[in-house]
Amino acid sequence: MKLRDIMTSPVIRIDPQESVAVAARTLTHYNIGMLPVCGSDGRICGVVTDRDIVTRCLAAGRAPASTTVREIMSSNVIAAMPDTDAAAAARVMGHKQIRRLPVVENEKLCGMVSIGDLANCDEITYDAGDALAEISNSVSGRK
């Protein structure tokens with residue numbers, strides 16, 4: 001099975017010049033934990049998570065209304081192509097400790113795959129379970 005078969009599309013995204021306050025409201029409105037950050041050309045330039053908002057904005061004493069997403073986003077994005085094998089994506093997600101994987105085609109964001117999406121695929125349930133276990137082990141090891 002390929003990522004194109006299980007990815008969510010279209011993807012809710014945010015512009016890097018939007019405020020962190022807008023990002024937080026968007027995450028809340030759609031009940032999601034991560035937003036891909038894309039320029040006007042559709043190219044992904046980063047991701048921003050609810051944790052980024054807390055640690056890089058609020059805990060740092062910055063004002064969400066006047067801080068841009070670009071200032072707090074993670075710019076080192078791990079992404080995959082739509083034709084990537086879902087089992088291989090699960091292994092990458094486990095190894096890189098990520099729960100959500102942007103899917104990019106022709107350098108533009110075209111979808112998103114989560115650990116939950118992978119877990120719902122009968123063909124790769126074990127790979128998704130292994131990836132989630134690897135992520136969980138890393139999180140539980142932090143103190």
# chains A, B, ... in the order shown; residues from 1 in each chain; ligands from 1
$ residues_around --residues "stretch 36-53 of chain A" --least-positions-apart "3" --cutoff "6 Å" --atoms "only C-alpha atoms" --output "PDB file with N, CA and C atoms, in the first residue's frame"
ATOM      1  N   ARG A  13      -3.373  23.906   6.503  1.00  0.00           N
ATOM      2  CA  ARG A  13      -2.007  24.440   6.578  1.00  0.00           C
ATOM      3  C   ARG A  13      -2.048  25.881   7.024  1.00  0.00           C
ATOM      4  N   ILE A  14      -0.877  26.427   7.286  1.00  0.00           N
ATOM      5  CA  ILE A  14      -0.806  27.821   7.725  1.00  0.00           C
ATOM      6  C   ILE A  14       0.372  28.505   7.044  1.00  0.00           C
ATOM      7  N   ASP A  15       0.238  29.797   6.849  1.00  0.00           N
ATOM      8  CA  ASP A  15       1.278  30.631   6.255  1.00  0.00           C
ATOM      9  C   ASP A  15       2.309  30.994   7.332  1.00  0.00           C
ATOM     10  N   PRO A  16       3.576  31.057   6.986  1.00  0.00           N
ATOM     11  CA  PRO A  16       4.606  31.365   7.991  1.00  0.00           C
ATOM     12  C   PRO A  16       4.464  32.759   8.618  1.00  0.00           C
ATOM     13  N   GLY A  33      -2.989  18.366  16.098  1.00  0.00           N
ATOM     14  CA  GLY A  33      -1.831  18.711  16.910  1.00  0.00           C
ATOM     15  C   GLY A  33      -0.680  19.312  16.142  1.00  0.00           C
ATOM     16  N   ARG A  56       7.983  27.245  22.724  1.00  0.00           N
ATOM     17  CA  ARG A  56       8.751  28.291  22.042  1.00  0.00           C
ATOM     18  C   ARG A  56       8.089  29.661  22.068  1.00  0.00           C
ATOM     19  N   CYS A  57       6.828  29.700  22.443  1.00  0.00           N
ATOM     20  CA  CYS A  57       6.134  30.979  22.499  1.00  0.00           C
ATOM     21  C   CYS A  57       5.718  31.302  23.933  1.00  0.00           C
ATOM     22  N   MET A  73       8.331  27.802  14.402  1.00  0.00           N
ATOM     23  CA  MET A  73       8.150  26.530  13.696  1.00  0.00           C
ATOM     24  C   MET A  73       9.439  25.710  13.665  1.00  0.00           C
ATOM     25  N   SER A  74       9.272  24.433  13.431  1.00  0.00           N
ATOM     26  CA  SER A  74      10.416  23.552  13.172  1.00  0.00           C
ATOM     27  C   SER A  74      10.613  23.545  11.667  1.00  0.00           C
ATOM     28  N   SER A  75      11.804  23.880  11.215  1.00  0.00           N
ATOM     29  CA  SER A  75      12.038  23.963   9.775  1.00  0.00           C
ATOM     30  C   SER A  75      12.671  22.704   9.193  1.00  0.00           C
ATOM     31  N   VAL A  77      11.933  19.513   8.238  1.00  0.00           N
ATOM     32  CA  VAL A  77      10.743  18.703   8.001  1.00  0.00           C
ATOM     33  C   VAL A  77      11.112  17.362   7.379  1.00  0.00           C
ATOM     34  N   GLU A 107       7.503  18.972  -4.917  1.00  0.00           N
ATOM     35  CA  GLU A 107       7.933  19.926  -3.904  1.00  0.00           C
ATOM     36  C   GLU A 107       6.783  20.647  -3.207  1.00  0.00           C
ATOM     37  N   LYS A 108       5.541  20.205  -3.413  1.00  0.00           N
ATOM     38  CA  LYS A 108       4.387  20.856  -2.792  1.00  0.00           C
ATOM     39  C   LYS A 108       3.631  19.868  -1.915  1.00  0.00           C
TER      40      LYS A 108
END
$ select_by_dssp --residues "stretch 16-71 of chain A" --states "strand (DSSP E or B)" --output "list in words"
Ser19, Met34, Leu35, Pro36, Val37, Cys38, Ile44, Cys45, Gly46, Val47, Val48, Thr49 and Thr68 of chain A
$ write_last_selection --atoms "C-alpha atoms" --output "compact mmCIF listing (two decimals), in the first residue's frame"
# COMPACT_ATOMS: atom_id res chain seq x y z
CA SER A 19 0.46 34.79 14.13
CA MET A 34 0.31 19.87 13.99
CA LEU A 35 0.06 22.27 11.08
CA PRO A 36 2.31 22.21 8.05
CA VAL A 37 3.66 25.67 7.29
CA CYS A 38 3.52 26.48 3.57
CA ILE A 44 6.29 23.24 2.88
CA CYS A 45 8.84 25.25 4.84
CA GLY A 46 8.15 23.94 8.33
CA VAL A 47 5.69 22.52 10.80
CA VAL A 48 4.23 23.96 13.97
CA THR A 49 2.80 21.85 16.77
CA THR A 68 4.78 34.76 13.77
$ select_by_dssp --residues "stretch 49-138 of chain A" --states "alpha helix (DSSP H)" --output "ChimeraX atom specification"
/A:50-52,69-72,86-96,115-119,125-138
$ closest_atom_pairs --of "stretch 33-85 of chain A" --to "stretch 94-101 of chain A" --cutoff "8 Å" --atoms "only C-alpha atoms" --output "CSV"
residue,atom,partner,partner_atom,distance
A:Met34,CA,A:Arg100,CA,7.8
A:Ile78,CA,A:Leu101,CA,6.8
A:Ala79,CA,A:Leu101,CA,5.7
A:Ala80,CA,A:Leu101,CA,7.0
$ write_last_selection --atoms "C-alpha atoms" --output "short mmCIF file (atom, residue, chain, number, x, y, z; two decimals), in the first residue's frame"
data_model
loop_
_atom_site.label_atom_id
_atom_site.label_comp_id
_atom_site.auth_asym_id
_atom_site.auth_seq_id
_atom_site.Cartn_x
_atom_site.Cartn_y
_atom_site.Cartn_z
CA MET A 34 0.31 19.87 13.99
CA ILE A 78 10.73 14.96 7.41
CA ALA A 79 8.42 14.28 4.46
CA ALA A 80 7.64 11.49 2.02
#
$ atom_distance --atom1 "atom CA of A:Thr28" --atom2 "atom CA of A:Ala86"
28.1 Å
$ closest_residue --among "A:Arg25, A:Arg4, A:Arg70, A:Arg62" --to "A:Val103" --atoms "only C-alpha atoms"
A:Arg4
$ closest_residue --among "A:Met112, A:Val92, A:Ala63, A:Ala119" --to "A:Leu3" --atoms "only C-alpha atoms"
A:Met112
$ closest_residue --among "A:Thr8, A:Thr55, A:Cys121, A:Thr26" --to "A:Ala87" --atoms "only C-alpha atoms"
A:Cys121
$ closest_residue --among "A:Asn120, A:Ala59, A:Ala65, A:Val113" --to "A:Pro82" --atoms "only C-alpha atoms"
A:Val113
$ atom_distance --atom1 "atom CA of A:Val11" --atom2 "atom CA of A:Pro64"
23.1 Å
$ atom_distance --atom1 "atom CA of A:Leu27" --atom2 "atom CA of A:Asp85"
28.2 Å
$ closest_residue --among "A:Ala90, A:Val69, A:Ala24, A:Met81" --to "A:Leu109" --atoms "only C-alpha atoms"
A:Met81
